[in-house]
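K.L.:
Before I ask anything, here is the structure I am working with.
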Protein chains: 2
Amino acid sequence: MLIKNVTILTMNSNKDIIERGVVVTDNDKIIDIGGEELIDKYTAHEIVDGEEGILIPGFVNAHTHCAMIAFRSLGDDVPDRLKRYLFPLEKMLVDKELVSLGSKYGICEMALGGVTTFADMYYFEDEVAKSTKEIGLRGVLGETIVNFNAPDADEPYGGLEYCNWFIDKWKNDELVIPAVAPHAPYTNDTLYLQKAFKLAEDKDVPILMHIAEMDYETEKYMHEYNLTPVQYLNSIGVLNSRMVGAHMIHVNDEDLKILKEKEVGISHNIGANAKGAHGVAPAYKMYNMDLKIGLGTDGPMSGNTLDITTQMGLVAKVHKLYNNDRSIFTADQILEMATLGGARALNLDHKIGSIEVGKKADMVIVETKSINMQPIYDYYSVLVYSANPSNVSTVIVNGKVIVKDKTLLTQDYGVLIKEFNKIKDKVVEAASSL
Amino acid sequence: MLIKNVTILTMNSNKDIIERGVVVTDNDKIIDIGGEELIDKYTAHEIVDGEEGILIPGFVNAHTHCAMIAFRSLGDDVPDRLKRYLFPLEKMLVDKELVSLGSKYGICEMALGGVTTFADMYYFEDEVAKSTKEIGLRGVLGETIVNFNAPDADEPYGGLEYCNWFIDKWKNDELVIPAVAPHAPYTNDTLYLQKAFKLAEDKDVPILMHIAEMDYETEKYMHEYNLTPVQYLNSIGVLNSRMVGAHMIHVNDEDLKILKEKEVGISHNIGANAKGAHGVAPAYKMYNMDLKIGLGTDGPMSGNTLDITTQMGLVAKVHKLYNNDRSIFTADQILEMATLGGARALNLDHKIGSIEVGKKADMVIVETKSINMQPIYDYYSVLVYSANPSNVSTVIVNGKVIVKDKTLLTQDYGVLIKEFNKIKDKVVEAASSL
């Protein structure tokens with residue numbers, strides 16, 4: 001496949017930009033990158049004309065619970081939303097069917113918004129894996145482990161056994177990377193956190209966990225151990241490079257040193273954190289310390305939309321505001337976090353995250369014809385400050401075009417919306433009782 | 001005209017919502033609102049099928065400089081952007097042609113994003129007025145007055161004379177409301193602020209001004225008079241209900257009382273204020289004090305995009321975060337500011353801002369077919385937390401459909417983009433010397 005008539009933001013270590021660039025792929029890999037001289041050098045089976053769009057590495061959504069799209073727009077401004085709405089609704093309604101349909105819908109939305117790789121934590125994660133394959137995204141998928149009866153486990157910590165089976169089932173898949181996902185420190189006892197860690201070590205898979213998101217979480221560990229959540233997790237030996245912590249809001253300088261030393265991945269979820277009034281993670285410090293930091297949307301009941309473009313704009317605005325400095329977090333740094341940073345957080349930067357020869361062909365074309373996309377004096381600025389997910393026109397994952405002319409080729413989401421209406425009625429009924 | 005197959009968010013004082021609603025207009029006015037029984041009651045010349053979209057009052061962009069689209073994406077992350085880039089670029093490049101083309105482009109973008117009324121301050125404002133008429137929006141347009149030679153005035157305060165002429169030219173127009181626009185307190189001497197105020201009084205037009213945006217502005221007036229900018233303006237007698245102050249970031253409780261008592265309009269421009277690291281106006285307090293507060297994008301060199309949908313999402317997130325409370329600023333309150341609030345700030349709420357019988361037919365349909373718009377448990381939530389400007393499908397101003405199926409009927413902006421390239425080359429050359 002040959003992609004032409006694009007400006008390439010490579011996101012390689014020089015952040016090279018190639019205007020009127022060409023990328024050549026062979027099966028799932030990028031084999032050549034250059035100018036228009038490449039057009040005559042190769043005989044391509046498939047030519048993608050980018051129509052003067054911007055070619056970037058696919059976005060990485062480093063933290064979500066995509067099946068929760070079933071509950072999107074419900075209880076957004078409610079104070080104790082987690083315990084009042086979310087947990088009861090999950091208990092009442094989450095089953096295989098909801099996760100299958102919800103994850104399909106959510107993955108369609110990610111694909112259309114240019115997300116080529118996502119990390120997900122939920123129940124019935126096997127359904128999410130099947131949806132991921134069906135639509136053709138790359139997913140790091142973790143089955144949730146909690147200290148109460150989960151929708152897919154009749155006893156506390158039932159997720160551990162599910163994980164065991166789930167990992168074996170998907171371990172050698174090309175697109176699905178199975179993972180272990182203890183929900184959070186405060187919903188897992190020390191012993192089970194260590195068991196989860198051991199499982200991940202034994203199977204050589206990532207661990208996904210919410211870390212330092214809640215103020216009551218910090219209070220708990222300060223009260224019990226005089227340690228921050230990060231310090232507590234470090235003290236019980238579960239932090240290393242396979243850990244991907246979502247949120248990491250309440251972290252101090254000592255915590256940051258630990259995260260650096262242990263090579264822990266971080267998903268910075270600014271939209272959900274702001275909307276939930278949880279606080280602002282020190283993402284600029286993290287970036288400057290060269291921590292493995294990427295961006296995430298969180299689940300659609302927390303962050304609503306599943307695209308990373310919206311998150312980029314928020315990262316810029318919130319951090320400039322909080323740091324009282326319009327010059328920090330430049331647009332190119334933010335696109336870096338949204339692509340290569342997310343890949344690093346998930347330990348996939350050897351495979352994806354930049355447009356470089358030898359890497360997987362996970363790429364996105366953002367069109368520049370829409371009225372919000374002109375004029376262009378700085379490509380990064382246009383992407384971070386002006387673009388919205390509807391500007392994504394072409395999405396390529398693992399060498400395969402899955403979105404073309406803003407249309408998803410691998411699924412008809414109109415059909416999904418109709419199927420969704422059945423679930424919606426149940427949700428409305430259940431929510432009215434809460 | 002009869003609009004059917006929509007859910008109407010009326011934004012009337014009860015915030016009535018009508019599912020499967022119908023609105024009937026006659027020329028420029030709304031003459032009936034109800035359910036599907038109205039379909040048989042009227043013989044319509046034109047029927048608009050909303051295809052299950054959400055019908056809302058048109059968005060009001062209460063503060064912008066739309067012609068500055070010519071400079072969008074330039075110098076976004078530069079520290080002293082205003083003095084290093086913006087003022088010099090304006091001096092070198094702003095002429096009739098740039099303002100004509102830039103304002104046309106900007107107004108097209110507003111129309112496509114569902115803005116039906118906007119307030120603008122710039123130079124050569126007569127060109128902005130002509131563009132407004134050509135595209136068919138409603139505009140409160142103020143010629144800028146500053147204490148230096150402006151692009152359209154050979155001497156300081158030349159804008160006053162221009163204003164005089166400009167107001168007389170447009171005073172009786174149906175869509176254009178001419179205004180006086182002293183740039184800011186710190187760029188106008190007391191005497192000239194009073195002259196500008198008197199001109200507005202004599203001609204009975206609005207005054208638009210940047211107020212309490214900059215930290216150095218507060219320092220100046222505290223140093224010189226021991227007064228805040230709002231208190232200083234009040235002390236020189238220029239605050240009353242015709243004043244629309246943009247930004248109003250650095251205001252204290254005494255200032256808020258003055259703004260309430262004098263019925264001053266406020267444009268809250270959260271996106272530009274955050275990106276510029278200027279601070280956060282106490283908008284939630286303003287809203288609860290029932291001040292006349294609407295939302296604005298600021299110019300596209302500050303806020304980049306010109307749609308109000310993006311601003312709504314930012315208002316929710318930033319204020320919840322700053323107030324440490326996810327339950328404040330509910331989605332319906334934010335849509336209220338984005339529509340009726342802006343109308344109140346501009347003293348146009350007797351004419352626009354809600355869908356009510358007798359008001360002007362300024363309305364927008366937001367489609368619900370796109371993947372980010374489902375499921376819908378709460379219409380307001382979907383608009384504030386999920387929608388983006390590309391979801392606007394139909395725009396009606398003064399009873400006339402100007403956007404249909406996401407296509408602008410009154411202008412071909414593809415042609416504008418091409419014309420823009422000439423200006424772009426000049427901008428690149430000029431910017432490279434700064």
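Going through the structure tokens in order, the chains are called A, B, and so on, while each chain numbers its residues from 1 and the ligands are numbered from 1 in the order shown.
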I need the chain A residues near chain B as a count of residues only; criterion: at most 7 Å, counting only C-alpha atoms.
P.N.:
37
K.L.:
Could you pull the residues within 8 Å of Val24 (chain A), counting only C-alpha atoms, minus those fewer than 3 positions along the same chain, as a PDB file with N, CA and C atoms, in the first residue's frame?
P.N.:
ATOM      1  N   MET A   1       0.840  -1.196   0.000  1.00  0.00           N
ATOM      2  CA  MET A   1       0.000   0.000   0.000  1.00  0.00           C
ATOM      3  C   MET A   1       0.876   1.248   0.000  1.00  0.00           C
ATOM      4  N   LEU A   2       0.450   2.236  -0.782  1.00  0.00           N
ATOM      5  CA  LEU A   2       1.211   3.478  -0.844  1.00  0.00           C
ATOM      6  C   LEU A   2       0.282   4.643  -0.499  1.00  0.00           C
ATOM      7  N   ILE A   3       0.699   5.434   0.479  1.00  0.00           N
ATOM      8  CA  ILE A   3      -0.091   6.593   0.897  1.00  0.00           C
ATOM      9  C   ILE A   3       0.619   7.840   0.389  1.00  0.00           C
ATOM     10  N   ILE A  30       5.403  -0.757   8.011  1.00  0.00           N
ATOM     11  CA  ILE A  30       5.872   0.378   7.217  1.00  0.00           C
ATOM     12  C   ILE A  30       7.243   0.008   6.652  1.00  0.00           C
ATOM     13  N   ILE A  31       7.392   0.089   5.325  1.00  0.00           N
ATOM     14  CA  ILE A  31       8.690  -0.309   4.753  1.00  0.00           C
ATOM     15  C   ILE A  31       9.471   0.850   4.132  1.00  0.00           C
ATOM     16  N   ASP A  32       8.789   1.981   3.876  1.00  0.00           N
ATOM     17  CA  ASP A  32       9.532   3.124   3.329  1.00  0.00           C
ATOM     18  C   ASP A  32       8.774   4.421   3.602  1.00  0.00           C
ATOM     19  N   ILE A  33       9.540   5.487   3.808  1.00  0.00           N
ATOM     20  CA  ILE A  33       8.956   6.805   4.085  1.00  0.00           C
ATOM     21  C   ILE A  33       9.793   7.833   3.341  1.00  0.00           C
TER      22      ILE A  33
END
K.L.:
Record the distance separating CA of Lys220 (chain B) and CA of Met286 (chain B), expressed in Å with one decimal.
P.N.:
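Result for CA of Lys220 (chain B) versus CA of Met286 (chain B): 24.3 Å, one decimal.
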K.L.:
Applying 9 Å and only C-alpha atoms, which residues near Leu93 (chain B) remain after dropping the ones on its own chain fewer than 3 positions away? List them as a compact mmCIF listing (two decimals) with C-alpha atoms, in the first residue's frame.
P.N.:
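Printed below is out.txt as written:
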# COMPACT_ATOMS: atom_id res chain seq x y z
CA PRO B 88 2.86 43.82 14.78
CA LEU B 89 1.04 41.45 12.39
CA GLU B 90 -2.08 43.59 12.57
CA LEU B 98 -7.97 40.81 4.88
CA PRO B 151 -4.89 49.70 10.64
CA ILE B 423 -2.98 36.25 2.41
CA LYS B 426 2.06 37.40 3.22
CA VAL B 427 1.43 36.31 6.81
CA ALA B 430 5.67 38.88 7.93
K.L.:
With only C-alpha atoms as the basis for distance, which of A:Asp189, A:Glu219, A:Glu127, A:Asp120 is at the shortest distance from Gly296 (chain A)?
P.N.:
A:Asp120
K.L.:
Could you go through region 128-292 of chain B and tell me which residues DSSP, when run on the backbone, assigns to alpha helix (DSSP H), listing them as a PyMOL selection string?
P.N.:
chain B and resi 128-135+159-170+190-203+215-225+229-235+253-261+270-275+283-288
K.L.:
For the residues selected in the previous step, produce a file with C-alpha atoms as a compact mmCIF listing (two decimals), in the first residue's frame.
P.N.:
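This is the output file out.txt:
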# COMPACT_ATOMS: atom_id res chain seq x y z
CA VAL B 128 -17.48 42.54 8.80
CA ALA B 129 -20.99 44.00 8.52
CA LYS B 130 -21.08 43.34 4.79
CA SER B 131 -19.87 39.73 5.34
CA THR B 132 -22.51 39.25 8.04
CA LYS B 133 -25.27 40.31 5.66
CA GLU B 134 -23.88 38.22 2.83
CA ILE B 135 -23.85 35.02 4.87
CA GLY B 159 -12.00 54.62 15.53
CA LEU B 160 -14.36 57.14 17.13
CA GLU B 161 -14.95 58.91 13.85
CA TYR B 162 -15.21 55.60 11.98
CA CYS B 163 -17.79 54.47 14.56
CA ASN B 164 -19.84 57.58 14.01
CA TRP B 165 -20.05 56.90 10.28
CA PHE B 166 -20.40 53.14 10.68
CA ILE B 167 -23.29 53.38 13.13
CA ASP B 168 -25.23 55.77 10.91
CA LYS B 169 -24.72 53.46 7.96
CA TRP B 170 -26.04 50.33 9.67
CA THR B 190 -10.36 58.14 30.58
CA LEU B 191 -11.48 61.02 28.38
CA TYR B 192 -11.82 58.80 25.32
CA LEU B 193 -13.61 56.05 27.23
CA GLN B 194 -16.13 58.70 28.22
CA LYS B 195 -16.34 59.97 24.63
CA ALA B 196 -16.97 56.41 23.41
CA PHE B 197 -19.63 55.96 26.07
CA LYS B 198 -21.31 59.23 25.07
CA LEU B 199 -21.30 58.21 21.42
CA ALA B 200 -23.03 54.94 22.32
CA GLU B 201 -25.59 56.83 24.42
CA ASP B 202 -26.26 59.39 21.70
CA LYS B 203 -26.69 56.75 19.03
CA ASP B 215 -3.21 40.78 35.29
CA TYR B 216 -1.24 43.90 34.33
CA GLU B 217 -4.55 45.68 33.78
CA THR B 218 -5.59 45.14 37.38
CA GLU B 219 -2.12 46.14 38.58
CA LYS B 220 -2.33 49.39 36.62
CA TYR B 221 -5.65 50.52 38.09
CA MET B 222 -4.81 49.33 41.59
CA HIS B 223 -1.55 51.25 41.36
CA GLU B 224 -3.04 54.44 39.89
CA TYR B 225 -6.41 54.62 41.65
CA PRO B 229 -10.71 47.79 36.43
CA VAL B 230 -14.47 47.37 36.98
CA GLN B 231 -14.45 49.91 39.83
CA TYR B 232 -12.41 52.34 37.75
CA LEU B 233 -14.84 52.07 34.81
CA ASN B 234 -17.73 52.58 37.20
CA SER B 235 -16.04 55.62 38.75
CA ASP B 253 -17.25 40.40 44.99
CA GLU B 254 -17.60 44.17 45.03
CA ASP B 255 -17.09 44.19 41.24
CA LEU B 256 -19.79 41.55 40.83
CA LYS B 257 -22.23 43.76 42.78
CA ILE B 258 -21.44 46.67 40.46
CA LEU B 259 -21.94 44.47 37.38
CA LYS B 260 -25.30 43.36 38.75
CA GLU B 261 -26.45 46.85 39.71
CA ILE B 270 -13.14 30.07 28.91
CA GLY B 271 -11.25 28.43 26.05
CA ALA B 272 -9.19 31.48 25.17
CA ASN B 273 -8.70 32.42 28.84
CA ALA B 274 -7.43 28.93 29.66
CA LYS B 275 -5.17 28.65 26.64
CA ALA B 283 -18.69 32.41 35.99
CA TYR B 284 -20.62 30.11 38.32
CA LYS B 285 -21.03 32.91 40.82
CA MET B 286 -22.03 35.25 38.01
CA TYR B 287 -24.60 32.75 36.78
CA ASN B 288 -26.05 32.30 40.26
K.L.:
How many Å lie between CA of Val357 (chain B) and CA of Ala119 (chain B), rounded to one decimal?
P.N.:
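Taking CA of Val357 (chain B) and CA of Ala119 (chain B), their separation equals 24.5 Å.
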K.L.:
Can you tell me how far CA of Gln311 (chain A) sits from CA of Gly102 (chain A), in Å to one decimal?
P.N.:
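Here the two named atoms are 21.4 Å from each other.
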K.L.:
Which residues come within 6 Å of Glu213 (chain A), counting only C-alpha atoms, excluding same-chain residues fewer than 6 positions away, as a list in words?
P.N.:
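So, after excluding close chain neighbours, the residues are His247, Met248 and Ile249 of chain A.
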K.L.:
With N, CA and C atoms retained, write the just-selected residues as a PDB file, in the first residue's frame.
P.N.:
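Written out: again09.pdb:
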ATOM      1  N   HIS A 247      -4.854   7.657  35.661  1.00  0.00           N
ATOM      2  CA  HIS A 247      -5.131   8.857  36.461  1.00  0.00           C
ATOM      3  C   HIS A 247      -3.888   9.448  37.125  1.00  0.00           C
ATOM      4  N   MET A 248      -3.379   8.807  38.183  1.00  0.00           N
ATOM      5  CA  MET A 248      -2.163   9.293  38.862  1.00  0.00           C
ATOM      6  C   MET A 248      -2.265  10.791  39.192  1.00  0.00           C
ATOM      7  N   ILE A 249      -3.391  11.177  39.752  1.00  0.00           N
ATOM      8  CA  ILE A 249      -3.610  12.590  40.076  1.00  0.00           C
ATOM      9  C   ILE A 249      -2.868  12.986  41.353  1.00  0.00           C
TER      10      ILE A 249
END
